[in-house]
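Asker: Following this line is query.cif, made up of mmCIF, C-alpha atoms:
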data_data
#
loop_
_atom_site.group_PDB
_atom_site.id
_atom_site.type_symbol
_atom_site.label_atom_id
_atom_site.label_comp_id
_atom_site.auth_asym_id
_atom_site.auth_seq_id
_atom_site.Cartn_x
_atom_site.Cartn_y
_atom_site.Cartn_z
ATOM 1 C CA MET A 1 43.538 1.855 -40.069
ATOM 2 C CA ILE A 2 47.176 0.841 -40.122
ATOM 3 C CA ARG A 3 49.367 3.824 -40.927
ATOM 4 C CA PRO A 4 52.870 3.802 -42.412
ATOM 5 C CA ILE A 5 55.596 4.305 -39.804
ATOM 6 C CA LEU A 6 58.204 6.909 -40.739
ATOM 7 C CA GLN A 7 61.771 5.629 -40.801
ATOM 8 C CA HIS A 8 64.957 7.360 -39.675
ATOM 9 C CA PRO A 9 66.335 9.689 -41.091
ATOM 10 C CA ASP A 10 62.947 11.206 -41.992
ATOM 11 C CA PRO A 11 63.214 14.856 -40.798
ATOM 12 C CA LEU A 12 59.735 14.786 -39.220
ATOM 13 C CA LEU A 13 61.161 12.473 -36.544
ATOM 14 C CA ARG A 14 63.401 15.348 -35.375
ATOM 15 C CA ARG A 15 60.655 17.952 -34.970
ATOM 16 C CA ILE A 16 59.232 19.152 -31.651
ATOM 17 C CA CYS A 17 55.512 18.452 -31.524
ATOM 18 C CA ASP A 18 52.672 20.875 -30.771
ATOM 19 C CA ARG A 19 50.184 20.500 -27.915
ATOM 20 C CA VAL A 20 46.822 18.980 -28.757
ATOM 21 C CA PRO A 21 44.320 21.848 -28.319
ATOM 22 C CA GLU A 22 41.248 19.641 -27.794
ATOM 23 C CA ILE A 23 40.179 16.007 -27.833
ATOM 24 C CA SER A 24 38.344 15.906 -31.161
ATOM 25 C CA ASP A 25 36.956 13.004 -33.167
ATOM 26 C CA GLU A 26 40.068 13.294 -35.356
ATOM 27 C CA ILE A 27 42.341 12.851 -32.309
ATOM 28 C CA LYS A 28 40.319 9.824 -31.173
ATOM 29 C CA ALA A 29 40.552 8.308 -34.676
ATOM 30 C CA LEU A 30 44.302 8.965 -34.788
ATOM 31 C CA ALA A 31 44.784 7.269 -31.403
ATOM 32 C CA SER A 32 42.787 4.260 -32.592
ATOM 33 C CA ASP A 33 44.860 4.077 -35.793
ATOM 34 C CA MET A 34 48.069 4.369 -33.788
ATOM 35 C CA LEU A 35 47.119 1.482 -31.496
ATOM 36 C CA GLU A 36 46.212 -0.666 -34.506
ATOM 37 C CA THR A 37 49.515 0.284 -36.172
ATOM 38 C CA MET A 38 51.521 -0.412 -33.001
ATOM 39 C CA TYR A 39 49.978 -3.867 -32.520
ATOM 40 C CA ASP A 40 50.521 -4.702 -36.196
ATOM 41 C CA ALA A 41 54.196 -3.601 -36.157
ATOM 42 C CA PRO A 42 54.403 -5.294 -33.490
ATOM 43 C CA GLY A 43 55.529 -2.766 -30.901
ATOM 44 C CA ARG A 44 54.811 -1.650 -27.359
ATOM 45 C CA GLY A 45 54.638 2.090 -28.011
ATOM 46 C CA LEU A 46 54.102 4.542 -30.844
ATOM 47 C CA ALA A 47 54.267 8.332 -30.937
ATOM 48 C CA ALA A 48 52.290 10.574 -33.281
ATOM 49 C CA PRO A 49 55.356 11.921 -35.141
ATOM 50 C CA GLN A 50 56.210 8.345 -36.128
ATOM 51 C CA VAL A 51 53.065 8.362 -38.264
ATOM 52 C CA GLY A 52 53.671 11.901 -39.528
ATOM 53 C CA GLU A 53 51.475 13.798 -37.041
ATOM 54 C CA LEU A 54 53.420 16.492 -35.191
ATOM 55 C CA ILE A 55 51.290 16.558 -32.043
ATOM 56 C CA ARG A 56 51.919 15.585 -28.427
ATOM 57 C CA LEU A 57 50.243 12.183 -28.374
ATOM 58 C CA PHE A 58 51.559 8.682 -27.878
ATOM 59 C CA VAL A 59 50.184 5.229 -27.136
ATOM 60 C CA ILE A 60 51.692 2.370 -25.170
ATOM 61 C CA ASP A 61 50.775 -1.171 -24.228
ATOM 62 C CA THR A 62 53.594 -2.840 -22.336
ATOM 63 C CA THR A 63 51.725 -6.054 -21.460
ATOM 64 C CA TRP A 64 49.946 -7.233 -24.605
ATOM 65 C CA LYS A 65 52.749 -9.508 -25.799
ATOM 66 C CA GLU A 66 52.438 -11.441 -22.529
ATOM 67 C CA GLY A 67 48.689 -11.870 -22.872
ATOM 68 C CA ALA A 68 46.542 -9.092 -21.415
ATOM 69 C CA ALA A 69 46.238 -5.900 -23.463
ATOM 70 C CA THR A 70 46.410 -2.691 -21.412
ATOM 71 C CA PRO A 71 46.539 0.160 -23.944
ATOM 72 C CA ILE A 72 46.985 3.717 -22.687
ATOM 73 C CA VAL A 73 46.627 6.859 -24.813
ATOM 74 C CA PHE A 74 48.623 9.860 -23.574
ATOM 75 C CA VAL A 75 47.557 13.293 -24.857
ATOM 76 C CA ASN A 76 49.826 16.224 -23.929
ATOM 77 C CA PRO A 77 51.872 14.098 -21.503
ATOM 78 C CA GLN A 78 54.303 15.661 -19.062
ATOM 79 C CA ILE A 79 56.834 13.746 -17.008
ATOM 80 C CA ILE A 80 56.730 15.666 -13.727
ATOM 81 C CA ALA A 81 59.113 13.550 -11.621
ATOM 82 C CA THR A 82 61.660 10.797 -12.173
ATOM 83 C CA ALA A 83 63.455 8.319 -9.953
ATOM 84 C CA PRO A 84 67.043 9.084 -9.066
ATOM 85 C CA GLU A 85 67.834 5.419 -9.760
ATOM 86 C CA GLN A 86 68.460 4.328 -13.326
ATOM 87 C CA GLN A 87 67.638 1.071 -15.072
ATOM 88 C CA THR A 88 69.089 -0.144 -18.335
ATOM 89 C CA ASN A 89 66.950 -1.864 -20.945
ATOM 90 C CA ALA A 90 67.513 -2.923 -24.512
ATOM 91 C CA GLU A 91 65.364 -0.504 -26.528
ATOM 92 C CA ALA A 92 64.271 -0.847 -30.103
ATOM 93 C CA CYS A 93 62.293 1.686 -32.121
ATOM 94 C CA LEU A 94 59.703 1.095 -34.827
ATOM 95 C CA SER A 95 61.273 4.000 -36.763
ATOM 96 C CA ILE A 96 64.794 2.526 -36.643
ATOM 97 C CA SER A 97 64.846 -0.901 -38.233
ATOM 98 C CA ASP A 98 66.889 -3.791 -36.896
ATOM 99 C CA GLN A 99 68.670 -1.895 -34.131
ATOM 100 C CA SER A 100 68.484 -2.286 -30.373
ATOM 101 C CA LEU A 101 70.493 -0.189 -27.919
ATOM 102 C CA ASP A 102 70.987 -0.434 -24.160
ATOM 103 C CA ILE A 103 69.604 2.840 -22.791
ATOM 104 C CA ALA A 104 69.653 4.012 -19.150
ATOM 105 C CA ARG A 105 66.326 5.485 -18.008
ATOM 106 C CA PRO A 106 64.779 6.401 -14.633
ATOM 107 C CA SER A 107 63.415 3.368 -12.773
ATOM 108 C CA TRP A 108 60.073 5.191 -12.368
ATOM 109 C CA VAL A 109 58.346 8.283 -13.765
ATOM 110 C CA ASP A 110 55.370 10.345 -12.608
ATOM 111 C CA VAL A 111 53.268 11.442 -15.566
ATOM 112 C CA VAL A 112 50.372 13.865 -16.021
ATOM 113 C CA TRP A 113 48.343 13.568 -19.240
ATOM 114 C CA THR A 114 44.863 13.888 -20.691
ATOM 115 C CA ASP A 115 42.924 10.804 -21.759
ATOM 116 C CA LEU A 116 40.566 10.568 -24.736
ATOM 117 C CA ASN A 117 37.610 11.555 -22.533
ATOM 118 C CA GLY A 118 39.331 14.851 -21.731
ATOM 119 C CA THR A 119 40.095 13.771 -18.151
ATOM 120 C CA GLU A 120 43.422 14.757 -16.630
ATOM 121 C CA LYS A 121 45.287 11.728 -15.303
ATOM 122 C CA HIS A 122 48.278 11.361 -13.010
ATOM 123 C CA ASP A 123 50.093 8.107 -12.333
ATOM 124 C CA ARG A 124 53.476 6.601 -11.542
ATOM 125 C CA PHE A 125 54.912 3.995 -13.881
ATOM 126 C CA ASP A 126 57.911 1.857 -13.105
ATOM 127 C CA GLY A 127 60.195 -0.648 -14.767
ATOM 128 C CA PHE A 128 59.637 -1.309 -18.444
ATOM 129 C CA ALA A 129 56.560 0.956 -18.592
ATOM 130 C CA ALA A 130 58.666 3.895 -17.312
ATOM 131 C CA ALA A 131 61.284 3.264 -20.000
ATOM 132 C CA CYS A 132 58.589 2.993 -22.678
ATOM 133 C CA ILE A 133 57.015 6.300 -21.601
ATOM 134 C CA CYS A 134 60.413 8.030 -21.640
ATOM 135 C CA HIS A 135 61.111 6.609 -25.111
ATOM 136 C CA GLU A 136 57.775 7.749 -26.557
ATOM 137 C CA ASN A 137 57.956 11.133 -24.822
ATOM 138 C CA ASP A 138 61.388 11.635 -26.415
ATOM 139 C CA HIS A 139 59.739 11.271 -29.833
ATOM 140 C CA LEU A 140 57.504 14.257 -29.026
ATOM 141 C CA ASN A 141 60.671 16.309 -28.565
ATOM 142 C CA GLY A 142 62.483 15.099 -31.691
ATOM 143 C CA LYS A 143 64.831 12.803 -29.774
ATOM 144 C CA LEU A 144 65.684 9.236 -30.804
ATOM 145 C CA ILE A 145 67.504 6.345 -29.112
ATOM 146 C CA LEU A 146 70.431 7.124 -31.447
ATOM 147 C CA ASP A 147 70.959 10.329 -29.430
ATOM 148 C CA TYR A 148 71.862 8.458 -26.229
ATOM 149 C CA GLU A 149 75.204 7.154 -25.126
ATOM 150 C CA VAL A 150 74.876 3.406 -24.991
ATOM 151 C CA ALA A 151 74.782 2.298 -21.358
ATOM 152 C CA ALA A 152 77.827 0.380 -20.177
#
Would you mind giving the structure from this file in structure tokens?
Answerer:
Amino acid sequence: MIRPILQHPDPLLRRICDRVPEISDEIKALASDMLETMYDAPGRGLAAPQVGELIRLFVIDTTWKEGAATPIVFVNPQIIATAPEQQTNAEACLSISDQSLDIARPSWVDVVWTDLNGTEKHDRFDGFAAACICHENDHLNGKLILDYEVAA
């Protein structure tokens, strides 16, 4: 089901999200809806607060626009390490219409999360995927691209 995406300045976008206590059928349905919504938008990431759910869950798929879909659902993600090197990418947000900003992010991130089967995962993501994860993780903490100094 495609869900409406909240638009800035909706106050829910500024809230800190709660941990997901368990992987329930409702969480699985929400993740499915979020992927459908993200693809329809069309975006490469979507966080639960963007659809009005104040929980620590986001979805990404950084490759689907180039052909092969590789969706990942992150439940209770934690970025546990970041590269000292920064990269700058133009970032847009599905909750902020018609605006793209150059944001500096770590060139890689190490992330721990739970998947929809309840399995703890750990992986390193680099390049655009790292930036996308940082962007979506920011949403879980009430932070938007508007809060960053634009990279020079």
Asker: Fewer than 2 positions away in the same chain doesn't count, so skip those; otherwise give me all residues within 12 Å of region 120-123 of chain A, counting only C-alpha atoms, as a ChimeraX atom specification.
Answerer: /A:23,72-82,108-118,125-126,129-130,133
Asker: Could you work out how far CA of Leu35 (chain A) lies from CA of Glu66 (chain A), giving the answer in Å with one decimal?
Answerer: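 Computed distance, CA of Glu66 (chain A) to CA of Leu35 (chain A), equals 16.6 Å.
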Asker: Using all atoms listed in the file, find the one residue out of A:Ser32, A:Arg44, A:Pro49, A:Asp147 that sits nearest to Thr70 (chain A).
Answerer: A:Arg44
Asker: Check the smallest atom-to-atom distance from each of A:Val51, A:Ile2, A:Leu146, A:Leu140 to Leu101 (chain A) using only C-alpha atoms, then report the winner.
Answerer: A:Leu146
Asker: Residues at most 6 Å from Ile55 (chain A), counting only C-alpha atoms, excluding those fewer than 2 positions away in the same chain, as a PDB file with C-alpha atoms, in the frame of the given file?
Answerer:
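File written: part00.pdb
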ATOM      1  CA  CYS A  17      55.512  18.452 -31.524  1.00  0.00           C
ATOM      2  CA  ASP A  18      52.672  20.875 -30.771  1.00  0.00           C
ATOM      3  CA  ARG A  19      50.184  20.500 -27.915  1.00  0.00           C
ATOM      4  CA  GLU A  53      51.475  13.798 -37.041  1.00  0.00           C
ATOM      5  CA  LEU A  57      50.243  12.183 -28.374  1.00  0.00           C
TER       6      LEU A  57
END
Asker: Please report the interatomic distance between CA of Arg124 (chain A) and CA of Gln50 (chain A) in Å with one decimal.
Answerer: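 CA of Arg124 (chain A) sits 24.8 Å away from CA of Gln50 (chain A).
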Asker: Please measure the separation of CA of Phe58 (chain A) and CA of Lys28 (chain A), giving the value in Å to one decimal.
Answerer: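 One can read the CA of Phe58 (chain A) to CA of Lys28 (chain A) distance as 11.8 Å.
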Asker: Restricting the calculation to only C-alpha atoms: of A:Cys132, A:Ile5, A:Ala31, A:Ile145, which residue gets closest to Gln87 (chain A)?
Answerer: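 Ranking A:Cys132, A:Ile5, A:Ala31, A:Ile145 by distance to Gln87 (chain A), first place goes to A:Cys132.
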